[in-house]
Every structure is written in structure tokens, then in C-alpha cells.
>>> print(open('final-v8.pdb').read())   # PDB, C-alpha atoms
ATOM      1  CA  MET A   1     -65.401 -46.384 -14.201  1.00  0.00           C
ATOM      2  CA  ARG A   2     -61.906 -46.767 -12.995  1.00  0.00           C
ATOM      3  CA  GLU A   3     -59.056 -44.621 -14.349  1.00  0.00           C
ATOM      4  CA  PRO A   4     -56.184 -46.565 -15.939  1.00  0.00           C
ATOM      5  CA  SER A   5     -53.084 -46.648 -13.850  1.00  0.00           C
ATOM      6  CA  THR A   6     -49.977 -44.791 -14.912  1.00  0.00           C
ATOM      7  CA  SER A   7     -48.224 -48.011 -15.869  1.00  0.00           C
ATOM      8  CA  GLN A   8     -51.165 -49.069 -18.059  1.00  0.00           C
ATOM      9  CA  THR A   9     -51.215 -45.667 -19.733  1.00  0.00           C
ATOM     10  CA  GLN A  10     -47.479 -45.765 -20.351  1.00  0.00           C
ATOM     11  CA  MET A  11     -47.727 -49.269 -21.758  1.00  0.00           C
ATOM     12  CA  LEU A  12     -50.501 -48.194 -24.146  1.00  0.00           C
ATOM     13  CA  GLU A  13     -48.514 -45.134 -25.221  1.00  0.00           C
ATOM     14  CA  ARG A  14     -45.435 -47.263 -25.925  1.00  0.00           C
ATOM     15  CA  GLN A  15     -47.499 -49.751 -27.903  1.00  0.00           C
ATOM     16  CA  PHE A  16     -49.010 -46.926 -29.958  1.00  0.00           C
ATOM     17  CA  ILE A  17     -45.599 -45.376 -30.647  1.00  0.00           C
ATOM     18  CA  VAL A  18     -44.196 -48.737 -31.727  1.00  0.00           C
ATOM     19  CA  GLU A  19     -47.166 -49.372 -34.040  1.00  0.00           C
ATOM     20  CA  VAL A  20     -46.901 -45.950 -35.665  1.00  0.00           C
ATOM     21  CA  SER A  21     -43.133 -45.956 -36.008  1.00  0.00           C
ATOM     22  CA  SER A  22     -43.103 -49.470 -37.446  1.00  0.00           C
ATOM     23  CA  PHE A  23     -45.432 -48.481 -40.266  1.00  0.00           C
ATOM     24  CA  ARG A  24     -43.572 -47.693 -43.481  1.00  0.00           C
ATOM     25  CA  MET A  25     -44.968 -47.254 -46.935  1.00  0.00           C
ATOM     26  CA  PRO A  26     -43.288 -49.473 -49.498  1.00  0.00           C
ATOM     27  CA  ALA A  27     -40.733 -47.597 -51.590  1.00  0.00           C
ATOM     28  CA  ASP A  28     -42.421 -48.464 -54.872  1.00  0.00           C
ATOM     29  CA  LYS A  29     -45.896 -47.450 -53.659  1.00  0.00           C
ATOM     30  CA  ASP A  30     -45.851 -44.258 -55.759  1.00  0.00           C
ATOM     31  CA  HIS A  31     -45.007 -46.283 -58.857  1.00  0.00           C
ATOM     32  CA  ASP A  32     -47.884 -48.689 -58.128  1.00  0.00           C
ATOM     33  CA  ILE A  33     -50.319 -45.808 -57.670  1.00  0.00           C
ATOM     34  CA  LYS A  34     -49.250 -44.223 -60.973  1.00  0.00           C
ATOM     35  CA  GLU A  35     -49.615 -47.533 -62.815  1.00  0.00           C
ATOM     36  CA  ARG A  36     -53.053 -48.108 -61.276  1.00  0.00           C
ATOM     37  CA  TYR A  37     -54.111 -44.587 -62.302  1.00  0.00           C
ATOM     38  CA  LYS A  38     -52.984 -45.220 -65.881  1.00  0.00           C
ATOM     39  CA  GLU A  39     -54.904 -48.526 -65.985  1.00  0.00           C
ATOM     40  CA  ILE A  40     -58.084 -46.915 -64.678  1.00  0.00           C
ATOM     41  CA  LYS A  41     -57.778 -43.995 -67.084  1.00  0.00           C
ATOM     42  CA  ALA A  42     -57.295 -46.358 -70.046  1.00  0.00           C
ATOM     43  CA  ARG A  43     -60.289 -48.451 -68.969  1.00  0.00           C
ATOM     44  CA  ASN A  44     -62.455 -45.329 -68.611  1.00  0.00           C
ATOM     45  CA  GLU A  45     -61.439 -44.112 -72.071  1.00  0.00           C
ATOM     46  CA  ARG A  46     -62.316 -47.506 -73.547  1.00  0.00           C
ATOM     47  CA  LEU A  47     -65.722 -47.485 -71.829  1.00  0.00           C
ATOM     48  CA  LYS A  48     -66.363 -43.935 -72.997  1.00  0.00           C
ATOM     49  CA  ALA A  49     -65.578 -44.918 -76.594  1.00  0.00           C
ATOM     50  CA  GLU A  50     -67.820 -48.007 -76.371  1.00  0.00           C
ATOM     51  CA  THR A  51     -70.689 -45.950 -74.948  1.00  0.00           C
ATOM     52  CA  TYR A  52     -70.330 -43.307 -77.644  1.00  0.00           C
ATOM     53  CA  ALA A  53     -70.261 -45.994 -80.355  1.00  0.00           C
ATOM     54  CA  LYS A  54     -73.491 -47.500 -78.989  1.00  0.00           C
ATOM     55  CA  TYR A  55     -75.061 -44.033 -78.887  1.00  0.00           C
ATOM     56  CA  MET A  56     -74.114 -43.391 -82.498  1.00  0.00           C
ATOM     57  CA  LYS A  57     -75.731 -46.699 -83.541  1.00  0.00           C
ATOM     58  CA  LEU A  58     -79.075 -45.582 -82.099  1.00  0.00           C
ATOM     59  CA  THR A  59     -81.680 -44.132 -84.414  1.00  0.00           C
ATOM     60  CA  PRO A  60     -82.004 -40.328 -84.306  1.00  0.00           C
ATOM     61  CA  THR A  61     -85.330 -40.659 -82.457  1.00  0.00           C
ATOM     62  CA  ASN A  62     -83.792 -42.826 -79.761  1.00  0.00           C
ATOM     63  CA  GLN A  63     -80.801 -40.478 -79.524  1.00  0.00           C
ATOM     64  CA  THR A  64     -83.181 -37.583 -78.909  1.00  0.00           C
ATOM     65  CA  ARG A  65     -85.095 -39.572 -76.272  1.00  0.00           C
ATOM     66  CA  LEU A  66     -81.885 -40.519 -74.517  1.00  0.00           C
ATOM     67  CA  MET A  67     -80.595 -36.946 -74.475  1.00  0.00           C
ATOM     68  CA  SER A  68     -83.998 -35.652 -73.313  1.00  0.00           C
ATOM     69  CA  ALA A  69     -83.935 -38.064 -70.390  1.00  0.00           C
ATOM     70  CA  PHE A  70     -80.413 -36.896 -69.545  1.00  0.00           C
ATOM     71  CA  ASP A  71     -81.454 -33.218 -69.708  1.00  0.00           C
ATOM     72  CA  ILE A  72     -84.483 -33.807 -67.479  1.00  0.00           C
ATOM     73  CA  LYS A  73     -82.402 -35.744 -64.959  1.00  0.00           C
ATOM     74  CA  ASP A  74     -79.818 -32.943 -64.752  1.00  0.00           C
ATOM     75  CA  ARG A  75     -82.529 -30.232 -64.846  1.00  0.00           C
ATOM     76  CA  LYS A  76     -81.211 -28.612 -67.966  1.00  0.00           C
ATOM     77  CA  PRO A  77     -83.670 -26.573 -70.078  1.00  0.00           C
TER      78      PRO A  77
END
>>> encode(input="final-v8.pdb", output="C-alpha cells")
Amino acid sequence: MREPSTSQTQMLERQFIVEVSSFRMPADKDHDIKERYKEIKARNERLKAETYAKYMKLTPTNQTRLMSAFDIKDRKP
């Protein structure tokens, strides 16, 4: 393999510096992240409530079976 010449190396370094320095995060990025977090949290809470409501509609026998399967899966006594 041939070593890159000094001019090639310098050109690559300049290109890298330009690429890195030209990258800027949008100013409202933090706001977008916070809004996205709130949306995900609200969706998770809704799903949790729906799952719990379905669980409560199960017969006691099926509730016990479901919880037993969960305990076995997580190796709880």
C-alpha cells in the first residue's frame, strides 16, 4: 500500500474540519426533544392503562395464569 502524500492528507484534514465545523444543531432541537418525550410518555401511559383494563376484565383464573406465566418468565418464586 502506498502512503498518502502530504497534500492529500492536508486536503482530507481540511475537509474533515469543514464538515465538523459546519455541523450545527438547530436552536429549537431541545424543545423538539422535550415535546417528543412528552408524547412518548403520554402514549406509554395510555397503553399501560389499556393493558391494565384488559387485565381487570379477565376472569380471576386467567389473571392467575397470566401472572404465573410472568413470574416463571422472570424467575420469581
>>> atom_distance(input="final-v8.pdb", atom1="CA of Thr51 in chain A", atom2="CA of Phe70 in chain A")
14.3 Å
>>> closest_residue(input="final-v8.pdb", among="A:Leu47, A:Lys38, A:Tyr55, A:Glu13", to="Met67 in chain A", atoms="only C-alpha atoms")
A:Tyr55
>>> atom_distance(input="final-v8.pdb", atom1="CA of Ala69 in chain A", atom2="CA of Ala42 in chain A")
27.9 Å
>>> atom_distance(input="final-v8.pdb", atom1="CA of Ala53 in chain A", atom2="CA of Leu66 in chain A")
14.1 Å
>>> axis_aligned_box(input="final-v8.pdb", around="range 57-69 of chain A", padding_each_side="5 Å", output="AutoDock Vina command-line options")
--center_x -80.5 --center_y -41.2 --center_z -77.4 --size_x 19.6 --size_y 21.0 --size_z 24.0
>>> build_atoms(input="final-v8.pdb", residues="range 49-69 of chain A", atoms="N, CA, C and O atoms", output="PDB file, in the frame of the given file")
ATOM      1  N   ALA A  49     -65.515 -44.680 -75.148  1.00  0.00           N
ATOM      2  CA  ALA A  49     -65.578 -44.918 -76.594  1.00  0.00           C
ATOM      3  C   ALA A  49     -66.669 -45.933 -76.936  1.00  0.00           C
ATOM      4  O   ALA A  49     -67.416 -45.752 -77.906  1.00  0.00           O
ATOM      5  N   GLU A  50     -66.778 -47.002 -76.137  1.00  0.00           N
ATOM      6  CA  GLU A  50     -67.820 -48.007 -76.371  1.00  0.00           C
ATOM      7  C   GLU A  50     -69.210 -47.401 -76.212  1.00  0.00           C
ATOM      8  O   GLU A  50     -70.104 -47.660 -77.025  1.00  0.00           O
ATOM      9  N   THR A  51     -69.385 -46.588 -75.188  1.00  0.00           N
ATOM     10  CA  THR A  51     -70.689 -45.950 -74.948  1.00  0.00           C
ATOM     11  C   THR A  51     -71.043 -45.016 -76.092  1.00  0.00           C
ATOM     12  O   THR A  51     -72.183 -45.005 -76.574  1.00  0.00           O
ATOM     13  N   TYR A  52     -70.084 -44.238 -76.542  1.00  0.00           N
ATOM     14  CA  TYR A  52     -70.330 -43.307 -77.644  1.00  0.00           C
ATOM     15  C   TYR A  52     -70.666 -44.078 -78.919  1.00  0.00           C
ATOM     16  O   TYR A  52     -71.572 -43.695 -79.668  1.00  0.00           O
ATOM     17  N   ALA A  53     -69.981 -45.188 -79.162  1.00  0.00           N
ATOM     18  CA  ALA A  53     -70.261 -45.994 -80.355  1.00  0.00           C
ATOM     19  C   ALA A  53     -71.687 -46.556 -80.300  1.00  0.00           C
ATOM     20  O   ALA A  53     -72.401 -46.548 -81.313  1.00  0.00           O
ATOM     21  N   LYS A  54     -72.118 -47.010 -79.133  1.00  0.00           N
ATOM     22  CA  LYS A  54     -73.491 -47.500 -78.989  1.00  0.00           C
ATOM     23  C   LYS A  54     -74.491 -46.376 -79.208  1.00  0.00           C
ATOM     24  O   LYS A  54     -75.531 -46.575 -79.837  1.00  0.00           O
ATOM     25  N   TYR A  55     -74.178 -45.193 -78.701  1.00  0.00           N
ATOM     26  CA  TYR A  55     -75.061 -44.033 -78.887  1.00  0.00           C
ATOM     27  C   TYR A  55     -75.200 -43.699 -80.363  1.00  0.00           C
ATOM     28  O   TYR A  55     -76.303 -43.432 -80.850  1.00  0.00           O
ATOM     29  N   MET A  56     -74.084 -43.734 -81.074  1.00  0.00           N
ATOM     30  CA  MET A  56     -74.114 -43.391 -82.498  1.00  0.00           C
ATOM     31  C   MET A  56     -74.879 -44.431 -83.325  1.00  0.00           C
ATOM     32  O   MET A  56     -75.399 -44.117 -84.390  1.00  0.00           O
ATOM     33  N   LYS A  57     -74.991 -45.660 -82.832  1.00  0.00           N
ATOM     34  CA  LYS A  57     -75.731 -46.699 -83.541  1.00  0.00           C
ATOM     35  C   LYS A  57     -77.244 -46.566 -83.343  1.00  0.00           C
ATOM     36  O   LYS A  57     -78.015 -47.167 -84.080  1.00  0.00           O
ATOM     37  N   LEU A  58     -77.653 -45.779 -82.339  1.00  0.00           N
ATOM     38  CA  LEU A  58     -79.075 -45.582 -82.099  1.00  0.00           C
ATOM     39  C   LEU A  58     -79.690 -44.763 -83.230  1.00  0.00           C
ATOM     40  O   LEU A  58     -79.015 -43.954 -83.874  1.00  0.00           O
ATOM     41  N   THR A  59     -80.971 -44.952 -83.421  1.00  0.00           N
ATOM     42  CA  THR A  59     -81.680 -44.132 -84.414  1.00  0.00           C
ATOM     43  C   THR A  59     -81.763 -42.705 -83.880  1.00  0.00           C
ATOM     44  O   THR A  59     -81.699 -42.484 -82.666  1.00  0.00           O
ATOM     45  N   PRO A  60     -81.910 -41.725 -84.767  1.00  0.00           N
ATOM     46  CA  PRO A  60     -82.004 -40.328 -84.306  1.00  0.00           C
ATOM     47  C   PRO A  60     -83.114 -40.112 -83.271  1.00  0.00           C
ATOM     48  O   PRO A  60     -82.941 -39.345 -82.325  1.00  0.00           O
ATOM     49  N   THR A  61     -84.235 -40.805 -83.424  1.00  0.00           N
ATOM     50  CA  THR A  61     -85.330 -40.659 -82.457  1.00  0.00           C
ATOM     51  C   THR A  61     -84.903 -41.146 -81.081  1.00  0.00           C
ATOM     52  O   THR A  61     -85.154 -40.481 -80.072  1.00  0.00           O
ATOM     53  N   ASN A  62     -84.254 -42.293 -81.054  1.00  0.00           N
ATOM     54  CA  ASN A  62     -83.792 -42.826 -79.761  1.00  0.00           C
ATOM     55  C   ASN A  62     -82.674 -41.971 -79.170  1.00  0.00           C
ATOM     56  O   ASN A  62     -82.582 -41.830 -77.950  1.00  0.00           O
ATOM     57  N   GLN A  63     -81.838 -41.384 -80.017  1.00  0.00           N
ATOM     58  CA  GLN A  63     -80.801 -40.478 -79.524  1.00  0.00           C
ATOM     59  C   GLN A  63     -81.446 -39.282 -78.841  1.00  0.00           C
ATOM     60  O   GLN A  63     -81.018 -38.863 -77.756  1.00  0.00           O
ATOM     61  N   THR A  64     -82.487 -38.738 -79.473  1.00  0.00           N
ATOM     62  CA  THR A  64     -83.181 -37.583 -78.909  1.00  0.00           C
ATOM     63  C   THR A  64     -83.831 -37.950 -77.577  1.00  0.00           C
ATOM     64  O   THR A  64     -83.747 -37.188 -76.611  1.00  0.00           O
ATOM     65  N   ARG A  65     -84.469 -39.117 -77.520  1.00  0.00           N
ATOM     66  CA  ARG A  65     -85.095 -39.572 -76.272  1.00  0.00           C
ATOM     67  C   ARG A  65     -84.049 -39.716 -75.164  1.00  0.00           C
ATOM     68  O   ARG A  65     -84.279 -39.313 -74.021  1.00  0.00           O
ATOM     69  N   LEU A  66     -82.938 -40.319 -75.500  1.00  0.00           N
ATOM     70  CA  LEU A  66     -81.885 -40.519 -74.517  1.00  0.00           C
ATOM     71  C   LEU A  66     -81.369 -39.179 -73.997  1.00  0.00           C
ATOM     72  O   LEU A  66     -81.226 -38.982 -72.787  1.00  0.00           O
ATOM     73  N   MET A  67     -81.110 -38.249 -74.899  1.00  0.00           N
ATOM     74  CA  MET A  67     -80.595 -36.946 -74.475  1.00  0.00           C
ATOM     75  C   MET A  67     -81.651 -36.160 -73.697  1.00  0.00           C
ATOM     76  O   MET A  67     -81.324 -35.432 -72.764  1.00  0.00           O
ATOM     77  N   SER A  68     -82.927 -36.324 -74.056  1.00  0.00           N
ATOM     78  CA  SER A  68     -83.998 -35.652 -73.313  1.00  0.00           C
ATOM     79  C   SER A  68     -84.061 -36.171 -71.888  1.00  0.00           C
ATOM     80  O   SER A  68     -84.225 -35.407 -70.939  1.00  0.00           O
ATOM     81  N   ALA A  69     -83.929 -37.478 -71.731  1.00  0.00           N
ATOM     82  CA  ALA A  69     -83.935 -38.064 -70.390  1.00  0.00           C
ATOM     83  C   ALA A  69     -82.747 -37.552 -69.588  1.00  0.00           C
ATOM     84  O   ALA A  69     -82.872 -37.247 -68.404  1.00  0.00           O
TER      85      ALA A  69
END
